[in-house]
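Text of data.cif (mmCIF, N, CA and C atoms) as supplied:
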```cif
data_entry
#
loop_
_atom_site.label_atom_id
_atom_site.label_comp_id
_atom_site.auth_asym_id
_atom_site.auth_seq_id
_atom_site.Cartn_x
_atom_site.Cartn_y
_atom_site.Cartn_z
N MET A 17 15.00 -59.43 -37.15
CA MET A 17 14.68 -58.01 -37.25
C MET A 17 14.05 -57.51 -35.95
N LYS A 18 13.15 -58.33 -35.34
CA LYS A 18 12.52 -57.95 -34.09
C LYS A 18 13.56 -57.82 -32.98
N SER A 19 14.55 -58.68 -32.99
CA SER A 19 15.55 -58.63 -31.92
C SER A 19 16.42 -57.37 -32.03
N ILE A 20 16.73 -56.94 -33.23
CA ILE A 20 17.51 -55.70 -33.40
C ILE A 20 16.70 -54.51 -32.93
N LEU A 21 15.41 -54.48 -33.27
CA LEU A 21 14.53 -53.40 -32.84
C LEU A 21 14.40 -53.38 -31.32
N THR A 22 14.30 -54.56 -30.71
CA THR A 22 14.20 -54.66 -29.26
C THR A 22 15.47 -54.15 -28.60
N ILE A 23 16.62 -54.49 -29.15
CA ILE A 23 17.90 -54.04 -28.59
C ILE A 23 18.03 -52.52 -28.71
N ILE A 24 17.63 -51.96 -29.84
CA ILE A 24 17.69 -50.50 -30.03
C ILE A 24 16.77 -49.80 -29.04
N CYS A 25 15.56 -50.31 -28.85
CA CYS A 25 14.61 -49.71 -27.90
C CYS A 25 15.16 -49.78 -26.48
N ALA A 26 15.71 -50.95 -26.09
CA ALA A 26 16.26 -51.13 -24.75
C ALA A 26 17.44 -50.18 -24.54
N LEU A 27 18.29 -50.04 -25.54
CA LEU A 27 19.42 -49.13 -25.46
C LEU A 27 18.97 -47.68 -25.31
N GLY A 28 17.96 -47.31 -26.09
CA GLY A 28 17.41 -45.94 -26.01
C GLY A 28 16.82 -45.65 -24.65
N LEU A 29 16.05 -46.60 -24.10
CA LEU A 29 15.47 -46.42 -22.77
C LEU A 29 16.56 -46.33 -21.71
N GLY A 30 17.62 -47.13 -21.87
CA GLY A 30 18.73 -47.07 -20.93
C GLY A 30 19.40 -45.71 -20.93
N ILE A 31 19.61 -45.15 -22.11
CA ILE A 31 20.23 -43.82 -22.22
C ILE A 31 19.34 -42.76 -21.57
N ILE A 32 18.05 -42.84 -21.82
CA ILE A 32 17.11 -41.88 -21.23
C ILE A 32 17.12 -42.00 -19.71
N PHE A 33 17.14 -43.24 -19.19
CA PHE A 33 17.15 -43.46 -17.75
C PHE A 33 18.41 -42.88 -17.12
N VAL A 34 19.56 -43.13 -17.72
CA VAL A 34 20.83 -42.62 -17.19
C VAL A 34 20.85 -41.09 -17.22
N ALA A 35 20.37 -40.49 -18.31
CA ALA A 35 20.34 -39.03 -18.40
C ALA A 35 19.41 -38.42 -17.37
N ALA A 36 18.27 -39.07 -17.11
CA ALA A 36 17.30 -38.55 -16.15
C ALA A 36 17.81 -38.64 -14.73
N SER A 37 18.62 -39.64 -14.42
CA SER A 37 19.11 -39.80 -13.06
C SER A 37 20.43 -39.08 -12.82
N SER A 38 20.97 -38.44 -13.84
CA SER A 38 22.22 -37.72 -13.73
C SER A 38 22.03 -36.48 -12.86
N PRO A 39 23.02 -36.15 -12.00
CA PRO A 39 22.89 -34.96 -11.15
C PRO A 39 23.01 -33.66 -11.93
N PHE A 40 23.51 -33.69 -13.17
CA PHE A 40 23.68 -32.47 -13.95
C PHE A 40 22.32 -31.97 -14.41
N GLY A 41 21.98 -30.73 -14.08
CA GLY A 41 20.72 -30.15 -14.53
C GLY A 41 19.52 -30.62 -13.76
N SER A 42 19.73 -31.38 -12.69
CA SER A 42 18.59 -31.89 -11.94
C SER A 42 18.21 -30.90 -10.86
N ALA A 43 16.99 -31.01 -10.36
CA ALA A 43 16.50 -30.11 -9.32
C ALA A 43 17.20 -30.39 -8.00
N ASN A 44 17.87 -31.55 -7.86
CA ASN A 44 18.58 -31.89 -6.63
C ASN A 44 19.89 -31.14 -6.51
N ASN A 45 20.36 -30.56 -7.58
CA ASN A 45 21.62 -29.84 -7.57
C ASN A 45 21.34 -28.35 -7.41
N PRO A 46 21.57 -27.79 -6.21
CA PRO A 46 21.22 -26.38 -5.97
C PRO A 46 22.04 -25.40 -6.79
N ASN A 47 23.13 -25.83 -7.39
CA ASN A 47 23.97 -24.91 -8.16
C ASN A 47 23.42 -24.64 -9.56
N THR A 48 22.45 -25.42 -10.02
CA THR A 48 21.98 -25.26 -11.39
C THR A 48 20.55 -24.74 -11.48
N THR A 49 19.78 -24.81 -10.42
CA THR A 49 18.38 -24.43 -10.50
C THR A 49 18.07 -23.33 -9.50
N LYS A 50 17.46 -22.26 -9.98
CA LYS A 50 17.04 -21.18 -9.10
C LYS A 50 15.53 -20.99 -9.24
N ALA A 51 14.90 -20.70 -8.13
CA ALA A 51 13.48 -20.39 -8.17
C ALA A 51 13.31 -18.94 -8.60
N PHE A 52 12.14 -18.61 -9.13
CA PHE A 52 11.86 -17.25 -9.58
C PHE A 52 12.05 -16.26 -8.43
N SER A 53 11.65 -16.65 -7.22
CA SER A 53 11.77 -15.75 -6.07
C SER A 53 13.23 -15.42 -5.74
N ASP A 54 14.17 -16.31 -6.13
CA ASP A 54 15.60 -16.03 -5.91
C ASP A 54 16.04 -14.81 -6.72
N TYR A 55 15.47 -14.61 -7.88
CA TYR A 55 15.83 -13.47 -8.73
C TYR A 55 15.22 -12.17 -8.21
N LEU A 56 14.08 -12.26 -7.53
CA LEU A 56 13.42 -11.07 -7.02
C LEU A 56 14.14 -10.49 -5.82
N GLY A 57 14.77 -11.33 -5.03
CA GLY A 57 15.41 -10.88 -3.80
C GLY A 57 14.43 -10.89 -2.66
N ASN A 58 14.91 -10.50 -1.49
CA ASN A 58 14.06 -10.47 -0.30
C ASN A 58 13.05 -9.34 -0.39
N LYS A 59 11.98 -9.50 0.39
CA LYS A 59 10.97 -8.44 0.43
C LYS A 59 11.55 -7.25 1.18
N THR A 60 11.17 -6.07 0.73
CA THR A 60 11.65 -4.83 1.32
C THR A 60 10.58 -3.76 1.16
N GLU A 61 10.84 -2.58 1.70
CA GLU A 61 9.95 -1.45 1.50
C GLU A 61 10.64 -0.44 0.60
N LEU A 62 9.86 0.18 -0.25
CA LEU A 62 10.39 1.06 -1.28
C LEU A 62 9.78 2.44 -1.16
N ASN A 63 10.61 3.46 -1.35
CA ASN A 63 10.14 4.83 -1.51
C ASN A 63 10.34 5.18 -2.98
N LEU A 64 9.27 5.64 -3.61
CA LEU A 64 9.31 5.90 -5.04
C LEU A 64 8.73 7.28 -5.31
N LYS A 65 9.40 8.03 -6.16
CA LYS A 65 8.85 9.32 -6.59
C LYS A 65 9.17 9.50 -8.06
N GLY A 66 8.35 10.30 -8.73
CA GLY A 66 8.60 10.53 -10.14
C GLY A 66 7.54 11.40 -10.77
N GLN A 67 7.53 11.36 -12.11
CA GLN A 67 6.59 12.18 -12.87
C GLN A 67 6.09 11.38 -14.06
N ILE A 68 4.82 11.58 -14.38
CA ILE A 68 4.19 10.98 -15.55
C ILE A 68 3.94 12.10 -16.55
N VAL A 69 4.44 11.91 -17.78
CA VAL A 69 4.25 12.90 -18.84
C VAL A 69 3.67 12.21 -20.07
N ASP A 70 3.13 13.02 -21.00
CA ASP A 70 2.63 12.46 -22.25
C ASP A 70 3.73 12.52 -23.31
N HIS A 71 3.39 12.13 -24.52
CA HIS A 71 4.38 12.07 -25.60
C HIS A 71 4.92 13.45 -25.98
N ASN A 72 4.25 14.53 -25.56
CA ASN A 72 4.73 15.89 -25.80
C ASN A 72 5.48 16.45 -24.59
N ASN A 73 5.80 15.56 -23.64
CA ASN A 73 6.50 15.91 -22.41
C ASN A 73 5.68 16.85 -21.51
N GLN A 74 4.35 16.78 -21.64
CA GLN A 74 3.45 17.56 -20.79
C GLN A 74 2.99 16.69 -19.62
N PRO A 75 2.88 17.25 -18.41
CA PRO A 75 2.47 16.45 -17.25
C PRO A 75 1.08 15.85 -17.45
N VAL A 76 0.90 14.64 -16.93
CA VAL A 76 -0.40 13.95 -16.99
C VAL A 76 -0.98 13.96 -15.58
N GLU A 77 -2.06 14.72 -15.40
CA GLU A 77 -2.72 14.83 -14.10
C GLU A 77 -3.67 13.66 -13.90
N ASN A 78 -3.81 13.22 -12.66
CA ASN A 78 -4.74 12.15 -12.24
C ASN A 78 -4.46 10.79 -12.88
N ALA A 79 -3.21 10.52 -13.25
CA ALA A 79 -2.83 9.17 -13.67
C ALA A 79 -2.69 8.32 -12.41
N THR A 80 -3.05 7.06 -12.48
CA THR A 80 -2.97 6.16 -11.33
C THR A 80 -1.71 5.31 -11.43
N ILE A 81 -0.87 5.39 -10.40
CA ILE A 81 0.36 4.60 -10.32
C ILE A 81 0.12 3.52 -9.28
N THR A 82 0.41 2.26 -9.64
CA THR A 82 0.17 1.14 -8.73
C THR A 82 1.42 0.29 -8.61
N ILE A 83 1.77 -0.03 -7.36
CA ILE A 83 2.80 -1.02 -7.04
C ILE A 83 2.16 -1.98 -6.05
N GLY A 84 2.04 -3.24 -6.45
CA GLY A 84 1.39 -4.21 -5.57
C GLY A 84 -0.05 -3.81 -5.30
N ASN A 85 -0.39 -3.63 -4.02
CA ASN A 85 -1.75 -3.23 -3.63
C ASN A 85 -1.86 -1.76 -3.30
N THR A 86 -0.81 -0.99 -3.57
CA THR A 86 -0.79 0.43 -3.23
C THR A 86 -0.89 1.28 -4.48
N SER A 87 -1.79 2.27 -4.46
CA SER A 87 -1.99 3.16 -5.61
C SER A 87 -2.03 4.60 -5.15
N VAL A 88 -1.54 5.49 -6.01
CA VAL A 88 -1.67 6.94 -5.82
C VAL A 88 -1.99 7.55 -7.17
N THR A 89 -2.44 8.81 -7.15
CA THR A 89 -2.67 9.53 -8.41
C THR A 89 -1.71 10.72 -8.48
N THR A 90 -1.42 11.10 -9.72
CA THR A 90 -0.50 12.22 -9.93
C THR A 90 -1.19 13.54 -9.65
N ASP A 91 -0.39 14.55 -9.31
CA ASP A 91 -0.92 15.89 -9.07
C ASP A 91 -1.01 16.65 -10.41
N ALA A 92 -1.27 17.94 -10.35
CA ALA A 92 -1.43 18.76 -11.56
C ALA A 92 -0.15 18.82 -12.39
N TYR A 93 0.99 18.52 -11.77
CA TYR A 93 2.28 18.55 -12.47
C TYR A 93 2.73 17.15 -12.91
N GLY A 94 1.84 16.16 -12.75
CA GLY A 94 2.16 14.79 -13.12
C GLY A 94 3.07 14.09 -12.12
N LYS A 95 3.30 14.70 -10.96
CA LYS A 95 4.23 14.15 -9.97
C LYS A 95 3.51 13.26 -8.96
N PHE A 96 4.27 12.31 -8.42
CA PHE A 96 3.72 11.40 -7.41
C PHE A 96 4.81 10.98 -6.43
N ASP A 97 4.39 10.56 -5.24
CA ASP A 97 5.26 10.01 -4.21
C ASP A 97 4.59 8.78 -3.62
N LEU A 98 5.33 7.70 -3.51
CA LEU A 98 4.87 6.50 -2.82
C LEU A 98 5.92 6.18 -1.76
N ASN A 99 5.49 6.02 -0.50
CA ASN A 99 6.43 5.75 0.58
C ASN A 99 6.10 4.43 1.26
N ASN A 100 7.16 3.70 1.63
CA ASN A 100 7.04 2.43 2.35
C ASN A 100 6.13 1.43 1.65
N VAL A 101 6.34 1.27 0.34
CA VAL A 101 5.56 0.33 -0.46
C VAL A 101 6.27 -1.02 -0.47
N ALA A 102 5.52 -2.10 -0.33
CA ALA A 102 6.09 -3.44 -0.36
C ALA A 102 6.64 -3.74 -1.76
N ALA A 103 7.89 -4.20 -1.82
CA ALA A 103 8.54 -4.54 -3.10
C ALA A 103 9.58 -5.63 -2.80
N HIS A 104 10.41 -5.92 -3.78
CA HIS A 104 11.52 -6.85 -3.61
C HIS A 104 12.83 -6.10 -3.82
N GLU A 105 13.93 -6.65 -3.32
CA GLU A 105 15.23 -6.00 -3.43
C GLU A 105 15.65 -5.75 -4.88
N ASN A 106 15.30 -6.68 -5.77
CA ASN A 106 15.78 -6.59 -7.15
C ASN A 106 14.72 -6.16 -8.16
N LEU A 107 13.47 -6.00 -7.72
CA LEU A 107 12.42 -5.68 -8.68
C LEU A 107 11.23 -5.03 -8.02
N ALA A 108 10.75 -3.97 -8.65
CA ALA A 108 9.48 -3.35 -8.28
C ALA A 108 8.70 -3.16 -9.59
N ALA A 109 7.54 -3.75 -9.68
CA ALA A 109 6.71 -3.65 -10.88
C ALA A 109 5.73 -2.50 -10.72
N ILE A 110 5.81 -1.54 -11.63
CA ILE A 110 4.98 -0.33 -11.56
C ILE A 110 4.01 -0.34 -12.73
N SER A 111 2.73 -0.07 -12.44
CA SER A 111 1.71 0.06 -13.49
C SER A 111 1.17 1.47 -13.45
N VAL A 112 0.97 2.05 -14.63
CA VAL A 112 0.42 3.41 -14.73
C VAL A 112 -0.75 3.36 -15.70
N ARG A 113 -1.89 3.95 -15.30
CA ARG A 113 -3.03 3.98 -16.20
C ARG A 113 -3.76 5.32 -16.07
N LYS A 114 -4.33 5.71 -17.19
CA LYS A 114 -5.12 6.94 -17.27
C LYS A 114 -6.05 6.80 -18.46
N ASP A 115 -7.32 7.15 -18.29
CA ASP A 115 -8.26 7.07 -19.40
C ASP A 115 -7.76 7.91 -20.57
N GLY A 116 -7.86 7.34 -21.77
CA GLY A 116 -7.43 8.04 -22.97
C GLY A 116 -5.97 7.76 -23.32
N TYR A 117 -5.26 7.02 -22.46
CA TYR A 117 -3.86 6.69 -22.69
C TYR A 117 -3.67 5.17 -22.61
N LYS A 118 -2.63 4.69 -23.27
CA LYS A 118 -2.26 3.28 -23.15
C LYS A 118 -1.63 3.07 -21.78
N SER A 119 -1.97 1.99 -21.12
CA SER A 119 -1.36 1.66 -19.83
C SER A 119 0.11 1.33 -20.03
N GLU A 120 0.92 1.67 -19.04
CA GLU A 120 2.35 1.37 -19.08
C GLU A 120 2.69 0.50 -17.88
N HIS A 121 3.60 -0.43 -18.10
CA HIS A 121 4.11 -1.30 -17.04
C HIS A 121 5.63 -1.22 -17.08
N VAL A 122 6.21 -0.82 -15.96
CA VAL A 122 7.65 -0.60 -15.89
C VAL A 122 8.21 -1.37 -14.70
N ASP A 123 9.31 -2.07 -14.92
CA ASP A 123 10.02 -2.75 -13.84
C ASP A 123 11.26 -1.95 -13.51
N VAL A 124 11.45 -1.65 -12.21
CA VAL A 124 12.63 -0.91 -11.77
C VAL A 124 13.35 -1.70 -10.69
N THR A 125 14.63 -1.44 -10.55
CA THR A 125 15.42 -2.00 -9.46
C THR A 125 15.50 -0.93 -8.38
N PRO A 126 14.96 -1.22 -7.19
CA PRO A 126 14.97 -0.21 -6.12
C PRO A 126 16.38 0.18 -5.72
N THR A 127 16.55 1.44 -5.31
CA THR A 127 17.82 1.93 -4.79
C THR A 127 17.73 2.04 -3.28
N ASP A 128 18.84 2.35 -2.64
CA ASP A 128 18.86 2.43 -1.18
C ASP A 128 17.97 3.55 -0.66
N ASP A 129 18.03 4.70 -1.32
CA ASP A 129 17.20 5.82 -0.89
C ASP A 129 15.85 5.77 -1.60
N THR A 130 15.48 6.87 -2.17
CA THR A 130 14.23 6.95 -2.91
C THR A 130 14.51 6.66 -4.38
N THR A 131 13.75 5.72 -4.94
CA THR A 131 13.88 5.38 -6.35
C THR A 131 13.11 6.42 -7.15
N LYS A 132 13.75 7.00 -8.15
CA LYS A 132 13.10 8.02 -8.98
C LYS A 132 12.82 7.42 -10.35
N VAL A 133 11.62 7.69 -10.86
CA VAL A 133 11.24 7.16 -12.16
C VAL A 133 10.36 8.17 -12.90
N ASN A 134 10.62 8.33 -14.17
CA ASN A 134 9.78 9.16 -15.04
C ASN A 134 9.23 8.26 -16.13
N ILE A 135 7.92 8.34 -16.34
CA ILE A 135 7.25 7.45 -17.28
C ILE A 135 6.45 8.27 -18.28
N THR A 136 6.53 7.89 -19.55
CA THR A 136 5.79 8.56 -20.61
C THR A 136 4.58 7.72 -21.00
N LEU A 137 3.41 8.35 -21.00
CA LEU A 137 2.18 7.70 -21.47
C LEU A 137 1.91 8.15 -22.90
N HIS A 138 1.37 7.25 -23.69
CA HIS A 138 1.03 7.56 -25.08
C HIS A 138 -0.48 7.51 -25.25
N LYS A 139 -1.00 8.42 -26.06
CA LYS A 139 -2.44 8.48 -26.32
C LYS A 139 -2.94 7.15 -26.87
N GLN A 140 -4.15 6.82 -26.47
CA GLN A 140 -4.80 5.61 -26.97
C GLN A 140 -5.22 5.86 -28.41
N GLU A 141 -4.84 4.98 -29.31
CA GLU A 141 -5.25 5.09 -30.71
C GLU A 141 -6.68 4.58 -30.84
N ASP A 142 -7.49 5.28 -31.59
CA ASP A 142 -8.89 4.93 -31.69
C ASP A 142 -9.24 4.29 -33.02
N LEU A 143 -8.35 4.34 -33.99
CA LEU A 143 -8.68 3.78 -35.30
C LEU A 143 -8.47 2.27 -35.31
N SER A 144 -9.55 1.57 -35.48
CA SER A 144 -9.53 0.11 -35.60
C SER A 144 -10.86 -0.30 -36.22
N LEU A 145 -11.05 -1.58 -36.38
CA LEU A 145 -12.34 -2.05 -36.90
C LEU A 145 -13.47 -1.62 -35.98
N PHE A 146 -13.18 -1.56 -34.66
CA PHE A 146 -14.22 -1.15 -33.72
C PHE A 146 -14.57 0.32 -33.92
N TRP A 147 -13.58 1.14 -34.30
CA TRP A 147 -13.85 2.55 -34.57
C TRP A 147 -14.82 2.67 -35.74
N PHE A 148 -14.60 1.88 -36.80
CA PHE A 148 -15.50 1.92 -37.95
C PHE A 148 -16.91 1.53 -37.54
N SER A 149 -17.03 0.51 -36.70
CA SER A 149 -18.35 0.07 -36.25
C SER A 149 -18.99 1.13 -35.37
N LYS A 150 -18.21 1.67 -34.44
CA LYS A 150 -18.73 2.64 -33.49
C LYS A 150 -19.20 3.90 -34.20
N ASN A 151 -18.51 4.30 -35.26
CA ASN A 151 -18.85 5.52 -35.96
C ASN A 151 -19.69 5.27 -37.21
N ASN A 152 -20.28 4.09 -37.28
CA ASN A 152 -21.23 3.72 -38.33
C ASN A 152 -20.64 3.84 -39.73
N HIS A 153 -19.38 3.50 -39.88
CA HIS A 153 -18.77 3.45 -41.20
C HIS A 153 -18.90 2.03 -41.72
N ASN A 154 -19.29 1.91 -42.94
CA ASN A 154 -19.45 0.59 -43.51
C ASN A 154 -18.17 0.15 -44.20
N LEU A 155 -17.76 -1.07 -43.90
CA LEU A 155 -16.62 -1.64 -44.59
C LEU A 155 -17.13 -2.24 -45.91
N PRO A 156 -16.32 -2.21 -46.94
CA PRO A 156 -16.80 -2.77 -48.23
C PRO A 156 -17.06 -4.27 -48.11
N GLN A 157 -18.12 -4.70 -48.75
CA GLN A 157 -18.47 -6.10 -48.77
C GLN A 157 -17.75 -6.77 -49.93
N ILE A 158 -17.06 -7.85 -49.67
CA ILE A 158 -16.36 -8.60 -50.71
C ILE A 158 -17.16 -9.88 -50.96
N THR A 159 -17.56 -10.05 -52.18
CA THR A 159 -18.30 -11.25 -52.51
C THR A 159 -17.36 -12.25 -53.18
N GLU A 160 -17.74 -13.50 -53.16
CA GLU A 160 -16.92 -14.55 -53.72
C GLU A 160 -16.71 -14.30 -55.19
N GLY A 161 -15.51 -14.46 -55.66
CA GLY A 161 -15.20 -14.27 -57.08
C GLY A 161 -14.58 -12.92 -57.38
N GLU A 162 -14.66 -11.95 -56.44
CA GLU A 162 -14.04 -10.63 -56.64
C GLU A 162 -12.59 -10.70 -56.22
N ASN A 163 -11.74 -10.08 -56.97
CA ASN A 163 -10.33 -9.96 -56.60
C ASN A 163 -9.81 -8.64 -57.04
#
```
Let's see the structure in the file written out as structure tokens.
Amino acid sequence: MKSILTIICALGLGIIFVAASSPFGSANNPNTTKAFSDYLGNKTELNLKGQIVDHNNQPVENATITIGNTSVTTDAYGKFDLNNVAAHENLAAISVRKDGYKSEHVDVTPTDDTTKVNITLHKQEDLSLFWFSKNNHNLPQITEGEN
């Protein structure tokens, strides 16, 4: 019985060894493995313009738009312009934040000219357990045995 178990273990280890040394799916084969940076593309500069609106399609003034280390704020019409911002050929990650609204994160693919983007912010919901605590509302106490 021990010899059969030993043979099965040796056979299993042999199969694992052969599979691990196979060129298929290995990091040595450049045709099967890509680094994350390969998907982003080369670094480039991006010109971006757009508008930030709320859920009622009204402009959001003084929202902060950030790409990388560069930030601007929207004007009274919710409009913004970012010029010569560091990005990648295939991806630019945009973050938008404004007090009282949920932050938005949008990924865009830059175009040859100016990339245009319109983003909608949604009001921050205030109802949660913290709202009850903050507004001194008591939650019902459940004691053992109650159902």
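Counting from atom C of Gly94 in chain A, the distance to atom N of Glu77 in chain A is 6.1 Å.
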Discussion item. What does the structure give for the distance between atom N of Ile135 in chain A and CA of Asn72 in chain A, in Å to one decimal?
Written reply: 12.5 Å
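All protein, DNA and RNA residues at most 9 Å from (2.1, 10.9, -21.5) are Ile68, Val69, Asp70, His71, Asn72, Asn73, Gln74, Pro75, Val76, Tyr117, Lys118, Ile135, Thr136, Leu137, His138 and Lys139 of chain A, using only C-alpha atoms.
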Resulting file, chosen residues, N, CA and C atoms, as a compact mmCIF listing (two decimals), keeping the file's coordinate frame:
```txt
# COMPACT_ATOMS: atom_id res chain seq x y z
N ILE A 68 4.82 11.58 -14.38
CA ILE A 68 4.19 10.98 -15.55
C ILE A 68 3.94 12.10 -16.55
N VAL A 69 4.44 11.91 -17.78
CA VAL A 69 4.25 12.90 -18.84
C VAL A 69 3.67 12.21 -20.07
N ASP A 70 3.13 13.02 -21.00
CA ASP A 70 2.63 12.46 -22.25
C ASP A 70 3.73 12.52 -23.31
N HIS A 71 3.39 12.13 -24.52
CA HIS A 71 4.38 12.07 -25.60
C HIS A 71 4.92 13.45 -25.98
N ASN A 72 4.25 14.53 -25.56
CA ASN A 72 4.73 15.89 -25.80
C ASN A 72 5.48 16.45 -24.59
N ASN A 73 5.80 15.56 -23.64
CA ASN A 73 6.50 15.91 -22.41
C ASN A 73 5.68 16.85 -21.51
N GLN A 74 4.35 16.78 -21.64
CA GLN A 74 3.45 17.56 -20.79
C GLN A 74 2.99 16.69 -19.62
N PRO A 75 2.88 17.25 -18.41
CA PRO A 75 2.47 16.45 -17.25
C PRO A 75 1.08 15.85 -17.45
N VAL A 76 0.90 14.64 -16.93
CA VAL A 76 -0.40 13.95 -16.99
C VAL A 76 -0.98 13.96 -15.58
N TYR A 117 -5.26 7.02 -22.46
CA TYR A 117 -3.86 6.69 -22.69
C TYR A 117 -3.67 5.17 -22.61
N LYS A 118 -2.63 4.69 -23.27
CA LYS A 118 -2.26 3.28 -23.15
C LYS A 118 -1.63 3.07 -21.78
N ILE A 135 7.92 8.34 -16.34
CA ILE A 135 7.25 7.45 -17.28
C ILE A 135 6.45 8.27 -18.28
N THR A 136 6.53 7.89 -19.55
CA THR A 136 5.79 8.56 -20.61
C THR A 136 4.58 7.72 -21.00
N LEU A 137 3.41 8.35 -21.00
CA LEU A 137 2.18 7.70 -21.47
C LEU A 137 1.91 8.15 -22.90
N HIS A 138 1.37 7.25 -23.69
CA HIS A 138 1.03 7.56 -25.08
C HIS A 138 -0.48 7.51 -25.25
N LYS A 139 -1.00 8.42 -26.06
CA LYS A 139 -2.44 8.48 -26.32
C LYS A 139 -2.94 7.15 -26.87
```
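Among the candidates A:Asn63, A:Thr86, A:Asn58, A:Gln140, the residue lying nearest to Lys114 in chain A is A:Gln140 (atoms considered: only C-alpha atoms).
Take atom C of Tyr55 in chain A and atom N of Ile83 in chain A: the distance between them is 18.1 Å.
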Worksheet item: Counting only N, CA and C atoms, what is within 6.5 Å of Asp97 in chain A, bar same-chain residues fewer than 4 positions away, as a PyMOL selection string?
Response: chain A and resi 64-66
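Of the listed residues (A:Thr125, A:Asn106, A:Ile23, A:Asn78), A:Asn78 comes nearest to Tyr93 in chain A; the distances count all atoms listed in the file.
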